[in-house]
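Visitor: For reference, the file start.tsv (TSV, C-alpha atoms and all ligand atoms) is included below:
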chain	number	residue	atom	x	y	z
M	1	MET	CA	-8.36	-20.17	11.79
M	2	ILE	CA	-6.87	-18.71	8.64
M	3	TYR	CA	-5.56	-15.23	9.35
M	4	LEU	CA	-5.49	-12.97	6.30
M	5	ASP	CA	-5.70	-9.56	7.99
M	6	ASN	CA	-2.04	-8.72	8.57
M	7	ALA	CA	-2.59	-5.08	7.59
M	8	ALA	CA	-4.73	-4.72	10.74
M	9	THR	CA	-2.18	-6.34	13.02
M	10	THR	CA	0.30	-9.22	13.02
M	11	ARG	CA	1.12	-12.08	15.35
M	12	LEU	CA	4.01	-11.46	17.76
M	13	SER	CA	7.02	-13.40	16.50
M	14	GLU	CA	8.51	-16.10	18.72
M	15	ARG	CA	11.88	-14.34	18.75
M	16	ALA	CA	10.30	-11.04	19.80
M	17	LYS	CA	8.34	-12.78	22.55
M	18	GLN	CA	11.45	-14.46	23.93
M	19	ALA	CA	13.43	-11.23	23.83
M	20	MET	CA	10.68	-9.46	25.79
M	21	GLU	CA	10.10	-12.06	28.45
M	22	PRO	CA	12.89	-11.13	30.91
M	23	TYR	CA	11.80	-7.48	30.80
M	24	LEU	CA	8.17	-8.25	31.61
M	25	LYS	CA	9.07	-9.55	35.05
M	26	ASP	CA	12.60	-10.16	36.25
M	27	LEU	CA	14.45	-7.26	34.63
M	28	TYR	CA	12.05	-4.55	35.72
M	29	GLY	CA	14.59	-1.84	36.57
M	30	ASN	CA	13.77	1.70	35.51
M	31	PRO	CA	16.13	2.75	32.67
M	32	SER	CA	16.49	6.17	34.32
M	33	ALA	CA	17.93	4.69	37.54
M	34	ILE	CA	21.69	4.91	37.96
M	35	TYR	CA	22.30	1.54	39.66
M	36	GLU	CA	23.29	-1.53	37.68
M	37	PHE	CA	19.73	-2.97	37.61
M	38	GLY	CA	18.48	0.16	35.83
M	39	GLU	CA	21.49	0.10	33.50
M	40	THR	CA	20.39	-3.32	32.25
M	41	SER	CA	17.08	-1.89	31.05
M	42	LYS	CA	18.78	1.19	29.66
M	43	LYS	CA	21.17	-0.97	27.67
M	44	ALA	CA	18.28	-3.01	26.25
M	45	VAL	CA	16.52	0.19	25.11
M	46	ARG	CA	19.77	1.44	23.57
M	47	GLU	CA	20.26	-1.80	21.63
M	48	SER	CA	16.75	-1.59	20.19
M	49	ARG	CA	17.37	1.98	19.12
M	50	GLU	CA	20.54	0.86	17.32
M	51	ILE	CA	18.69	-1.91	15.49
M	52	ILE	CA	15.93	0.44	14.33
M	53	ALA	CA	18.47	3.08	13.27
M	54	GLY	CA	20.39	0.45	11.32
M	55	ALA	CA	17.22	-0.61	9.52
M	56	LEU	CA	16.57	2.98	8.37
M	57	HIS	CA	20.24	3.88	7.71
M	58	CYS	CA	20.29	6.71	10.24
M	59	ALA	CA	21.90	7.38	13.64
M	60	PRO	CA	20.31	6.15	16.91
M	61	GLU	CA	19.90	9.81	17.97
M	62	ASN	CA	17.30	10.23	15.24
M	63	ILE	CA	14.94	7.60	16.70
M	64	PHE	CA	12.32	8.38	19.36
M	65	PHE	CA	10.17	5.64	20.87
M	66	THR	CA	6.42	6.27	21.06
M	67	SER	CA	3.23	4.34	21.82
M	68	GLY	CA	2.73	3.51	18.14
M	69	GLY	CA	1.87	4.80	14.70
M	70	THR	CA	-0.95	7.08	15.82
M	71	GLU	CA	1.19	8.95	18.33
M	72	SER	CA	4.09	9.31	15.89
M	73	ASP	CA	1.76	10.71	13.21
M	74	ASN	CA	0.09	13.12	15.65
M	75	TRP	CA	3.45	14.30	16.97
M	76	VAL	CA	4.75	15.34	13.55
M	77	LEU	CA	1.56	17.15	12.59
M	78	GLU	CA	1.50	18.94	15.93
M	79	HIS	CA	5.02	20.14	15.10
M	80	ALA	CA	3.78	21.59	11.80
M	81	MET	CA	1.73	24.05	13.88
M	82	LYS	CA	4.94	25.54	15.23
M	83	GLN	CA	6.27	25.95	11.70
M	84	GLY	CA	4.20	27.40	8.91
M	85	LYS	CA	0.80	25.87	9.70
M	86	TYR	CA	0.63	24.63	6.10
M	87	ILE	CA	0.11	20.91	5.74
M	88	THR	CA	-0.10	19.09	2.44
M	89	THR	CA	-1.27	15.52	2.75
M	90	SER	CA	-3.20	13.00	0.66
M	91	GLN	CA	-6.82	11.91	0.58
M	92	ILE	CA	-5.82	8.29	1.24
M	93	GLU	CA	-3.95	8.68	4.54
M	94	HIS	CA	-4.77	6.68	7.66
M	95	HIS	CA	-7.18	8.32	10.12
M	96	ALA	CA	-4.21	8.93	12.44
M	97	ILE	CA	-3.25	11.62	9.91
M	98	LEU	CA	-6.64	12.68	8.56
M	99	ASN	CA	-8.42	13.13	11.89
M	100	LYS	CA	-5.44	14.94	13.41
M	101	CYS	CA	-5.42	17.27	10.39
M	102	ARG	CA	-9.13	17.98	10.89
M	103	GLN	CA	-8.46	18.89	14.52
M	104	LEU	CA	-5.56	21.17	13.53
M	105	GLN	CA	-7.73	22.89	10.92
M	106	GLY	CA	-9.90	23.94	13.84
M	107	GLN	CA	-6.80	25.59	15.28
M	108	GLY	CA	-5.97	27.51	12.16
M	109	ALA	CA	-3.93	25.02	10.15
M	110	ASN	CA	-4.14	25.23	6.39
M	111	VAL	CA	-4.49	21.67	5.14
M	112	THR	CA	-4.70	20.45	1.55
M	113	TYR	CA	-5.67	16.89	0.70
M	114	ILE	CA	-4.06	15.83	-2.59
M	115	GLY	CA	-5.86	13.30	-4.77
M	116	THR	CA	-4.58	10.14	-6.45
M	117	ASP	CA	-5.06	8.33	-9.74
M	118	ARG	CA	-7.26	5.23	-9.99
M	119	GLU	CA	-4.42	3.08	-8.66
M	120	GLY	CA	-3.89	5.20	-5.56
M	121	THR	CA	-0.68	6.93	-6.63
M	122	ILE	CA	-0.55	10.53	-5.45
M	123	ASN	CA	-0.74	13.36	-7.98
M	124	LEU	CA	2.79	14.81	-7.89
M	125	PRO	CA	2.25	17.99	-9.95
M	126	GLN	CA	-0.71	18.90	-7.72
M	127	LEU	CA	1.43	18.22	-4.65
M	128	GLU	CA	4.24	20.41	-5.93
M	129	ASN	CA	1.92	23.29	-6.90
M	130	ASN	CA	0.48	23.32	-3.43
M	131	ILE	CA	3.72	23.85	-1.51
M	132	VAL	CA	4.10	27.19	0.24
M	133	GLU	CA	7.83	27.85	-0.06
M	134	GLY	CA	9.58	27.10	3.23
M	135	ASN	CA	6.37	26.75	5.22
M	136	THR	CA	4.86	23.43	4.34
M	137	LEU	CA	4.94	20.05	5.98
M	138	ILE	CA	4.16	17.31	3.49
M	139	SER	CA	2.76	14.08	4.90
M	140	VAL	CA	2.27	11.20	2.48
M	141	MET	CA	2.24	7.55	3.49
M	142	THR	CA	4.88	5.13	2.21
M	143	ALA	CA	2.28	2.47	1.44
M	144	ASN	CA	-1.49	2.50	1.81
M	145	ASN	CA	-3.12	0.24	4.39
M	146	GLU	CA	-6.21	-0.59	2.33
M	147	VAL	CA	-5.10	-1.04	-1.26
M	148	GLY	CA	-1.36	-1.52	-0.64
M	149	THR	CA	-0.23	1.11	-3.15
M	150	ILE	CA	3.41	2.12	-2.62
M	151	GLU	CA	3.84	5.87	-3.12
M	152	PRO	CA	6.79	7.46	-4.99
M	153	VAL	CA	8.40	8.46	-1.69
M	154	SER	CA	11.88	9.44	-2.97
M	155	GLU	CA	10.29	11.70	-5.57
M	156	ILE	CA	7.99	13.32	-3.00
M	157	GLY	CA	11.00	13.96	-0.77
M	158	ARG	CA	12.92	15.47	-3.68
M	159	ILE	CA	10.02	17.81	-4.48
M	160	ALA	CA	9.70	18.74	-0.80
M	161	HIS	CA	13.36	19.66	-0.47
M	162	ARG	CA	13.41	21.59	-3.73
M	163	HIS	CA	10.88	23.93	-2.08
M	164	HIS	CA	12.39	23.91	1.43
M	165	ALA	CA	9.45	21.94	2.75
M	166	LEU	CA	9.64	19.11	5.29
M	167	PHE	CA	8.58	15.60	4.38
M	168	HIS	CA	6.93	13.13	6.75
M	169	THR	CA	5.94	9.63	5.71
M	170	ASP	CA	3.64	7.27	7.60
M	171	ALA	CA	5.54	4.04	6.99
M	172	VAL	CA	3.44	1.92	9.35
M	173	GLN	CA	2.50	-0.52	6.58
M	174	ALA	CA	5.93	-0.44	4.98
M	175	PHE	CA	8.58	-0.59	7.70
M	176	GLY	CA	9.80	-4.17	8.15
M	177	HIS	CA	8.10	-5.22	4.91
M	178	ILE	CA	9.90	-3.34	2.13
M	179	PRO	CA	13.34	-1.65	2.13
M	180	ILE	CA	13.48	1.92	3.42
M	181	ASN	CA	16.46	4.28	3.45
M	182	VAL	CA	15.65	7.67	4.95
M	183	ASN	CA	18.59	9.36	3.23
M	184	ARG	CA	18.11	8.00	-0.24
M	185	MET	CA	14.37	8.55	0.04
M	186	ASN	CA	14.71	12.17	1.25
M	187	ILE	CA	12.62	11.59	4.37
M	188	ASP	CA	12.61	14.09	7.29
M	189	PHE	CA	10.16	12.25	9.56
M	190	LEU	CA	8.98	8.64	9.50
M	191	SER	CA	6.37	6.86	11.64
M	192	ALA	CA	6.25	3.12	12.28
M	193	SER	CA	4.50	0.72	14.61
M	194	ALA	CA	5.74	-2.59	16.04
M	195	HIS	CA	2.48	-4.54	15.85
M	196	LYS	CA	2.42	-4.22	12.07
M	197	PHE	CA	5.71	-6.12	11.73
M	198	HIS	CA	5.32	-8.93	14.28
M	199	GLY	CA	6.29	-6.87	17.32
M	200	PRO	CA	4.04	-6.11	20.31
M	201	LYS	CA	1.12	-3.68	20.33
M	202	GLY	CA	1.34	-0.21	21.87
M	203	VAL	CA	4.89	0.64	20.82
M	204	GLY	CA	6.35	2.38	17.79
M	205	PHE	CA	8.83	5.06	16.86
M	206	LEU	CA	9.34	8.32	15.06
M	207	TYR	CA	12.43	9.03	12.98
M	208	VAL	CA	13.44	12.72	13.06
M	209	ARG	CA	16.18	13.96	10.74
M	210	GLU	CA	16.89	17.14	12.73
M	211	PRO	CA	15.93	16.64	16.37
M	212	GLU	CA	17.49	20.00	17.28
M	213	LYS	CA	14.66	21.68	15.33
M	214	PHE	CA	11.98	19.44	16.79
M	215	ALA	CA	9.93	19.81	19.98
M	216	PRO	CA	8.24	17.43	22.44
M	217	MET	CA	4.51	16.77	22.47
M	218	ILE	CA	4.53	15.06	25.87
M	219	TYR	CA	6.28	16.67	28.85
M	220	GLY	CA	7.45	15.04	32.06
M	221	GLY	CA	10.49	13.20	33.34
M	222	GLU	CA	12.70	13.97	30.33
M	223	GLN	CA	12.99	10.43	28.99
M	224	GLU	CA	14.02	10.10	25.32
M	225	ARG	CA	16.38	13.07	25.85
M	226	GLY	CA	13.43	15.21	26.85
M	227	TYR	CA	11.61	14.69	23.56
M	228	ARG	CA	9.12	12.11	24.77
M	229	SER	CA	8.67	11.84	28.51
M	230	GLY	CA	7.22	8.87	30.35
M	231	THR	CA	8.95	5.75	31.65
M	232	GLU	CA	10.02	3.66	28.69
M	233	ASN	CA	7.97	0.64	27.63
M	234	VAL	CA	11.13	-1.43	27.98
M	235	ALA	CA	9.69	-4.85	27.11
M	236	GLY	CA	7.77	-3.36	24.19
M	237	ILE	CA	10.83	-1.56	22.87
M	238	VAL	CA	12.92	-4.73	23.18
M	239	GLY	CA	10.23	-6.73	21.36
M	240	MET	CA	10.06	-4.14	18.61
M	241	GLY	CA	13.85	-4.19	18.21
M	242	GLU	CA	13.95	-7.96	17.91
M	243	ALA	CA	11.02	-7.98	15.45
M	244	ALA	CA	12.78	-5.34	13.36
M	245	LYS	CA	16.03	-7.32	13.37
M	246	GLU	CA	14.21	-10.45	12.26
M	247	ALA	CA	12.29	-8.53	9.59
M	248	MET	CA	15.52	-7.14	8.14
M	249	GLU	CA	17.24	-10.53	8.11
M	250	GLN	CA	14.29	-12.18	6.40
M	251	MET	CA	12.89	-9.38	4.28
M	252	ASP	CA	13.87	-10.77	0.87
M	253	ASN	CA	12.51	-14.21	1.69
M	254	ARG	CA	9.31	-12.90	3.18
M	255	MET	CA	8.67	-10.55	0.26
M	256	ARG	CA	9.22	-13.29	-2.29
M	257	LYS	CA	6.95	-15.71	-0.43
M	258	GLU	CA	4.16	-13.21	0.09
M	259	GLN	CA	4.25	-11.96	-3.47
M	260	LYS	CA	4.10	-15.47	-4.88
M	261	LEU	CA	1.18	-16.48	-2.67
M	262	ARG	CA	-0.66	-13.20	-3.29
M	263	ASN	CA	-0.25	-13.47	-7.06
M	264	TYR	CA	-1.46	-17.06	-7.00
M	265	LEU	CA	-4.54	-16.03	-5.01
M	266	ALA	CA	-5.26	-13.04	-7.26
M	267	GLU	CA	-4.84	-14.99	-10.50
M	268	ARG	CA	-7.09	-17.83	-9.40
M	269	LEU	CA	-9.84	-15.56	-8.07
M	270	MET	CA	-9.76	-13.43	-11.23
M	271	ARG	CA	-9.91	-16.52	-13.42
M	272	GLU	CA	-12.44	-18.55	-11.47
M	273	ILE	CA	-14.92	-15.94	-10.24
M	274	PRO	CA	-16.46	-13.77	-12.96
M	275	TYR	CA	-16.77	-9.99	-12.50
M	276	THR	CA	-13.89	-9.73	-10.04
M	277	ARG	CA	-11.88	-6.50	-9.93
M	278	ILE	CA	-8.56	-5.70	-8.31
M	279	ASN	CA	-8.46	-2.34	-6.51
M	280	GLY	CA	-5.20	-0.44	-6.39
M	281	SER	CA	-1.97	-0.82	-8.31
M	282	THR	CA	-0.68	-3.94	-9.99
M	283	ARG	CA	2.91	-2.74	-10.11
M	284	HIS	CA	3.57	-0.61	-7.03
M	285	ARG	CA	2.02	-2.71	-4.31
M	286	LEU	CA	2.92	-4.20	-0.94
M	287	PRO	CA	3.78	-7.88	-1.49
M	288	GLY	CA	1.12	-9.27	0.88
M	289	ASN	CA	-1.80	-6.98	-0.05
M	290	LEU	CA	-4.75	-7.84	-2.24
M	291	ASN	CA	-7.88	-5.68	-2.43
M	292	LEU	CA	-10.71	-7.09	-4.51
M	293	SER	CA	-14.31	-6.47	-5.41
M	294	PHE	CA	-16.77	-9.09	-6.55
M	295	ALA	CA	-19.43	-7.18	-8.50
M	296	GLY	CA	-22.83	-7.20	-6.81
M	297	VAL	CA	-21.46	-8.60	-3.54
M	298	GLU	CA	-21.32	-6.44	-0.43
M	299	GLY	CA	-17.85	-6.59	1.13
M	300	ALA	CA	-18.97	-6.39	4.77
M	301	ALA	CA	-21.43	-9.28	4.31
M	302	LEU	CA	-18.76	-11.33	2.58
M	303	VAL	CA	-16.39	-10.75	5.52
M	304	VAL	CA	-19.02	-12.10	7.94
M	305	LEU	CA	-19.60	-15.24	5.86
M	306	MET	CA	-15.86	-15.85	5.46
M	307	ASP	CA	-15.57	-15.50	9.25
M	308	GLU	CA	-18.13	-18.29	9.66
M	309	ASN	CA	-15.55	-20.41	7.87
M	310	GLN	CA	-12.78	-19.21	10.23
M	311	ILE	CA	-11.18	-16.97	7.61
M	312	CYS	CA	-10.23	-13.45	8.75
M	313	ILE	CA	-10.30	-10.79	6.05
M	314	SER	CA	-11.48	-7.21	6.18
M	315	ALA	CA	-13.86	-4.90	4.34
M	316	GLY	CA	-12.30	-1.53	3.66
M	317	SER	CA	-10.03	-0.83	6.59
M	318	ALA	CA	-10.15	-2.46	10.02
M	319	CYS	CA	-10.02	0.95	11.66
M	320	SER	CA	-13.36	1.82	10.14
M	321	ALA	CA	-15.09	-1.49	10.79
M	322	SER	CA	-17.59	0.25	13.06
M	323	ASP	CA	-18.14	3.07	10.61
M	324	THR	CA	-20.59	2.46	7.81
M	325	ASN	CA	-19.30	5.06	5.37
M	326	PRO	CA	-17.69	3.77	2.19
M	327	SER	CA	-13.90	3.66	2.36
M	328	HIS	CA	-12.38	7.12	1.90
M	329	VAL	CA	-9.48	5.46	0.10
M	330	LEU	CA	-11.60	3.78	-2.57
M	331	LYS	CA	-13.59	6.98	-2.98
M	332	ALA	CA	-10.33	8.89	-3.57
M	333	LEU	CA	-9.44	6.28	-6.20
M	334	GLY	CA	-12.56	7.37	-8.08
M	335	GLN	CA	-14.94	4.59	-7.12
M	336	SER	CA	-18.65	5.17	-6.52
M	337	ASP	CA	-20.16	4.44	-3.09
M	338	GLU	CA	-21.64	1.25	-4.50
M	339	GLU	CA	-18.28	0.10	-5.88
M	340	ALA	CA	-16.48	0.99	-2.65
M	341	TYR	CA	-18.93	-1.12	-0.59
M	342	GLU	CA	-17.94	-4.17	-2.62
M	343	ALA	CA	-14.27	-4.14	-1.63
M	344	VAL	CA	-12.57	-6.69	0.60
M	345	ARG	CA	-8.96	-6.58	1.74
M	346	ILE	CA	-6.87	-9.72	2.05
M	347	SER	CA	-3.49	-9.12	3.65
M	348	LEU	CA	-1.45	-12.29	3.88
M	349	ASN	CA	2.03	-12.89	5.17
M	350	PHE	CA	4.95	-15.31	4.93
M	351	GLU	CA	3.38	-17.63	7.50
M	352	ASN	CA	0.38	-18.42	5.30
M	353	THR	CA	0.48	-21.70	3.38
M	354	ARG	CA	-0.66	-22.78	-0.07
M	355	ASP	CA	-3.25	-25.03	1.60
M	356	GLU	CA	-4.76	-22.09	3.45
M	357	ILE	CA	-4.95	-20.09	0.25
M	358	ASP	CA	-6.55	-23.00	-1.64
M	359	PHE	CA	-9.18	-23.35	1.10
M	360	THR	CA	-9.78	-19.58	0.99
M	361	ILE	CA	-10.27	-19.63	-2.79
M	362	ARG	CA	-12.80	-22.47	-2.46
M	363	LYS	CA	-14.76	-20.55	0.17
M	364	PHE	CA	-14.72	-17.35	-1.90
M	365	GLN	CA	-16.14	-19.31	-4.83
M	366	GLU	CA	-18.94	-20.92	-2.80
M	367	ILE	CA	-19.90	-17.80	-0.91
M	368	VAL	CA	-19.75	-15.33	-3.80
M	369	ILE	CA	-21.86	-17.63	-6.01
M	370	GLN	CA	-24.38	-18.09	-3.18
M	371	MET	CA	-24.58	-14.36	-2.43
M	372	ARG	CA	-25.09	-13.50	-6.10
M	373	LYS	CA	-27.84	-16.12	-6.39
M	374	GLU	CA	-29.69	-14.69	-3.38
M	375	LYS	CA	-29.63	-11.16	-4.75
M	401	LIG	C1	-2.06	0.80	11.79
M	401	LIG	C2	-1.72	2.08	11.15
M	401	LIG	C3	-1.54	3.25	11.90
M	401	LIG	C4	-1.78	3.28	13.40
M	401	LIG	O1	-0.78	2.62	14.09
M	401	LIG	P1	-1.03	2.20	15.63
M	401	LIG	O2	0.29	1.70	16.10
M	401	LIG	O3	-2.06	1.13	15.60
M	401	LIG	O4	-1.45	3.42	16.35
M	401	LIG	C5	-1.17	4.40	11.26
M	401	LIG	N1	-0.97	4.42	9.94
M	401	LIG	C6	-1.13	3.33	9.16
M	401	LIG	C7	-0.86	3.41	7.69
M	401	LIG	C8	-1.52	2.12	9.74
M	401	LIG	O5	-1.67	1.05	8.98
Represent the structure contained in this file as structure tokens.
Guide:
Amino acid sequence: MIYLDNAATTRLSERAKQAMEPYLKDLYGNPSAIYEFGETSKKAVRESREIIAGALHCAPENIFFTSGGTESDNWVLEHAMKQGKYITTSQIEHHAILNKCRQLQGQGANVTYIGTDREGTINLPQLENNIVEGNTLISVMTANNEVGTIEPVSEIGRIAHRHHALFHTDAVQAFGHIPINVNRMNIDFLSASAHKFHGPKGVGFLYVREPEKFAPMIYGGEQERGYRSGTENVAGIVGMGEAAKEAMEQMDNRMRKEQKLRNYLAERLMREIPYTRINGSTRHRLPGNLNLSFAGVEGAALVVLMDENQICISAGSACSASDTNPSHVLKALGQSDEEAYEAVRISLNFENTRDEIDFTIRKFQEIVIQMRKEK
């Protein structure tokens, strides 16, 4: 199998797996217990928190463990309801943001969805004009999960703070892949998820700049200093910490490798298959992301035929695989329904080889030519 869908999820790294193993069985003490056996788990959770904090350049007290990106996103938006009930977000957010916003609108929230240019970069003047002084929570993703566009996060944070607004960024696609510094980038809240950076599924975190002004969403046994109750997913948290540590150590190498392989793939497909378009930005883009359209070829059908050749790619976003609407992201980028249906996403990573990419290019050529002939 050739796995080119790393934006949907990633393989657990060997180091993360080994770090988790003791906590899955032998070291099962509850971190809240006061005997030594519980202390062992507590210490492991603390160490993970320190690693994550180090990666973001913040203090461990600013990190709260959650069940993943969706929970972290929901938590921040829920908090906006206690503030001014004004939310400014973008049209290209993940459904963890968009569907939560829809629900909050039903409860009286005032939500504005800011548009982007054709490359997926958010319209900053429109964003700034929309802020209600002191009352707005801005939520814009660090990098988009479909087209890989990296948003001008520092600038958005600067605009937010100029107007006494709070700034949340969904960094699920970015954390562990590109450098992030919550201070330099003016971020107040940040969501991330372990399974998008070679950690386990079902665990993530939320960074909160001012926890003293923040409130829980889940109540119970007062874990996470009362902010997020429920017995800690110790093994998951340990696995996430190790995956984050590894990602930080290897980030430069991984980025270089992914970018090189991605550019090679893009250049050959553009050159060798006529009427191929790249969706998204050429300059501000995640290193492993490529989103393409082959004119006249339906993306979903292409995904199925690639799968018959053991190649995993995705049409639009994996989260909407069961939904037959055209991608909301490509629509926001100004594409017609017909154009949006043509898109496929290839998200590779540092583990992919040149041989795999060569095989993938050959299959794209064969299948696209065949599909166009049959039309
Ligand atoms: C995957 C993803 C999420 C959801 O994260 P989970 O941990 O799977 O809940 C949220 N936002 C973005 C941008 C994502 O890519």
Visitor: For Arg283 in chain M, list every protein, DNA or RNA residue within 10 Å, evaluated using only C-alpha atoms, and leave out those in the same chain fewer than 2 positions away; present the list as a PyMOL selection string.
Guide: chain M and resi 119+149-150+280-281+285-286
Visitor: Just to be explicit: take each residue in the selection above, keep C-alpha atoms, and write the result as an mmCIF file, in the frame of the given file.
Guide:
data_model
loop_
_atom_site.group_PDB
_atom_site.id
_atom_site.type_symbol
_atom_site.label_atom_id
_atom_site.label_comp_id
_atom_site.auth_asym_id
_atom_site.auth_seq_id
_atom_site.Cartn_x
_atom_site.Cartn_y
_atom_site.Cartn_z
ATOM 1 C CA GLU M 119 -4.420 3.080 -8.660
ATOM 2 C CA THR M 149 -0.230 1.110 -3.150
ATOM 3 C CA ILE M 150 3.410 2.120 -2.620
ATOM 4 C CA GLY M 280 -5.200 -0.440 -6.390
ATOM 5 C CA SER M 281 -1.970 -0.820 -8.310
ATOM 6 C CA ARG M 285 2.020 -2.710 -4.310
ATOM 7 C CA LEU M 286 2.920 -4.200 -0.940
#
Visitor: Between M:Leu24, M:Ile51, M:Val329, M:Cys58, which is the closest to ligand LIG 401 (chain M) once you count all atoms listed in the file?
Guide: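 Using all atoms listed in the file, the shortest distance to ligand LIG 401 (chain M) belongs to M:Val329.
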Visitor: Could you tell me how far CA of Asp358 in chain M lies from CA of Leu292 in chain M, in Å and to one decimal?
Guide: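 CA of Asp358 in chain M sits 16.7 Å away from CA of Leu292 in chain M.
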Visitor: Could you check which of M:Arg102, M:Arg354, M:Lys25, M:Arg118 is closest to Ala332 in chain M, using all atoms listed in the file?
Guide: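 Among M:Arg102, M:Arg354, M:Lys25, M:Arg118, it is M:Arg118 that comes nearest to Ala332 in chain M.
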Visitor: Any idea what's packed within 9 Å of range 164-173 of chain M, counting all atoms listed in the file, ignoring anything in its chain fewer than 4 positions away? Could you give it as a PDB file with C-alpha atoms, in the frame of the given file?
Guide:
ATOM      1  CA  ALA M   7      -2.590  -5.080   7.590  1.00  0.00           C
ATOM      2  CA  GLY M  68       2.730   3.510  18.140  1.00  0.00           C
ATOM      3  CA  GLY M  69       1.870   4.800  14.700  1.00  0.00           C
ATOM      4  CA  SER M  72       4.090   9.310  15.890  1.00  0.00           C
ATOM      5  CA  ASP M  73       1.760  10.710  13.210  1.00  0.00           C
ATOM      6  CA  VAL M  76       4.750  15.340  13.550  1.00  0.00           C
ATOM      7  CA  LEU M  77       1.560  17.150  12.590  1.00  0.00           C
ATOM      8  CA  GLU M  93      -3.950   8.680   4.540  1.00  0.00           C
ATOM      9  CA  HIS M  94      -4.770   6.680   7.660  1.00  0.00           C
ATOM     10  CA  ILE M  97      -3.250  11.620   9.910  1.00  0.00           C
ATOM     11  CA  ILE M 131       3.720  23.850  -1.510  1.00  0.00           C
ATOM     12  CA  VAL M 132       4.100  27.190   0.240  1.00  0.00           C
ATOM     13  CA  GLU M 133       7.830  27.850  -0.060  1.00  0.00           C
ATOM     14  CA  GLY M 134       9.580  27.100   3.230  1.00  0.00           C
ATOM     15  CA  ASN M 135       6.370  26.750   5.220  1.00  0.00           C
ATOM     16  CA  THR M 136       4.860  23.430   4.340  1.00  0.00           C
ATOM     17  CA  LEU M 137       4.940  20.050   5.980  1.00  0.00           C
ATOM     18  CA  ILE M 138       4.160  17.310   3.490  1.00  0.00           C
ATOM     19  CA  SER M 139       2.760  14.080   4.900  1.00  0.00           C
ATOM     20  CA  VAL M 140       2.270  11.200   2.480  1.00  0.00           C
ATOM     21  CA  MET M 141       2.240   7.550   3.490  1.00  0.00           C
ATOM     22  CA  THR M 142       4.880   5.130   2.210  1.00  0.00           C
ATOM     23  CA  ALA M 143       2.280   2.470   1.440  1.00  0.00           C
ATOM     24  CA  ASN M 144      -1.490   2.500   1.810  1.00  0.00           C
ATOM     25  CA  ASN M 145      -3.120   0.240   4.390  1.00  0.00           C
ATOM     26  CA  GLY M 148      -1.360  -1.520  -0.640  1.00  0.00           C
ATOM     27  CA  VAL M 153       8.400   8.460  -1.690  1.00  0.00           C
ATOM     28  CA  ILE M 156       7.990  13.320  -3.000  1.00  0.00           C
ATOM     29  CA  GLY M 157      11.000  13.960  -0.770  1.00  0.00           C
ATOM     30  CA  ILE M 159      10.020  17.810  -4.480  1.00  0.00           C
ATOM     31  CA  ALA M 160       9.700  18.740  -0.800  1.00  0.00           C
ATOM     32  CA  HIS M 177       8.100  -5.220   4.910  1.00  0.00           C
ATOM     33  CA  ILE M 180      13.480   1.920   3.420  1.00  0.00           C
ATOM     34  CA  ASN M 186      14.710  12.170   1.250  1.00  0.00           C
ATOM     35  CA  ILE M 187      12.620  11.590   4.370  1.00  0.00           C
ATOM     36  CA  ASP M 188      12.610  14.090   7.290  1.00  0.00           C
ATOM     37  CA  PHE M 189      10.160  12.250   9.560  1.00  0.00           C
ATOM     38  CA  LEU M 190       8.980   8.640   9.500  1.00  0.00           C
ATOM     39  CA  SER M 191       6.370   6.860  11.640  1.00  0.00           C
ATOM     40  CA  ALA M 192       6.250   3.120  12.280  1.00  0.00           C
ATOM     41  CA  SER M 193       4.500   0.720  14.610  1.00  0.00           C
ATOM     42  CA  ALA M 194       5.740  -2.590  16.040  1.00  0.00           C
ATOM     43  CA  LYS M 196       2.420  -4.220  12.070  1.00  0.00           C
ATOM     44  CA  PHE M 197       5.710  -6.120  11.730  1.00  0.00           C
ATOM     45  CA  GLY M 204       6.350   2.380  17.790  1.00  0.00           C
ATOM     46  CA  LEU M 286       2.920  -4.200  -0.940  1.00  0.00           C
TER      47      LEU M 286
END
Visitor: Using CA of Val147 in chain M and CA of Asn291 in chain M as the two end points, give the distance in Å to one decimal.
Guide: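 Atom-to-atom, CA of Val147 in chain M and CA of Asn291 in chain M are spaced 5.5 Å apart.
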Visitor: Would you save range 27-42 of chain M to a file, keeping C-alpha atoms, as a PDB file, in the first residue's frame?
Guide:
ATOM      1  CA  LEU M  27       1.841   1.261  34.691  1.00  0.00           C
ATOM      2  CA  TYR M  28      -1.901   1.669  35.023  1.00  0.00           C
ATOM      3  CA  GLY M  29      -1.975   3.792  38.183  1.00  0.00           C
ATOM      4  CA  ASN M  30      -4.428   6.671  38.290  1.00  0.00           C
ATOM      5  CA  PRO M  31      -2.503   9.979  38.142  1.00  0.00           C
ATOM      6  CA  SER M  32      -4.838  11.389  40.815  1.00  0.00           C
ATOM      7  CA  ALA M  33      -3.840   8.734  43.373  1.00  0.00           C
ATOM      8  CA  ILE M  34      -1.364   9.790  46.036  1.00  0.00           C
ATOM      9  CA  TYR M  35       0.642   6.555  46.306  1.00  0.00           C
ATOM     10  CA  GLU M  36       3.848   6.023  44.366  1.00  0.00           C
ATOM     11  CA  PHE M  37       2.162   3.955  41.608  1.00  0.00           C
ATOM     12  CA  GLY M  38      -0.138   6.881  40.787  1.00  0.00           C
ATOM     13  CA  GLU M  39       2.790   9.298  40.973  1.00  0.00           C
ATOM     14  CA  THR M  40       4.466   7.401  38.131  1.00  0.00           C
ATOM     15  CA  SER M  41       1.533   8.137  35.828  1.00  0.00           C
ATOM     16  CA  LYS M  42       1.300  11.698  37.061  1.00  0.00           C
TER      17      LYS M  42
END
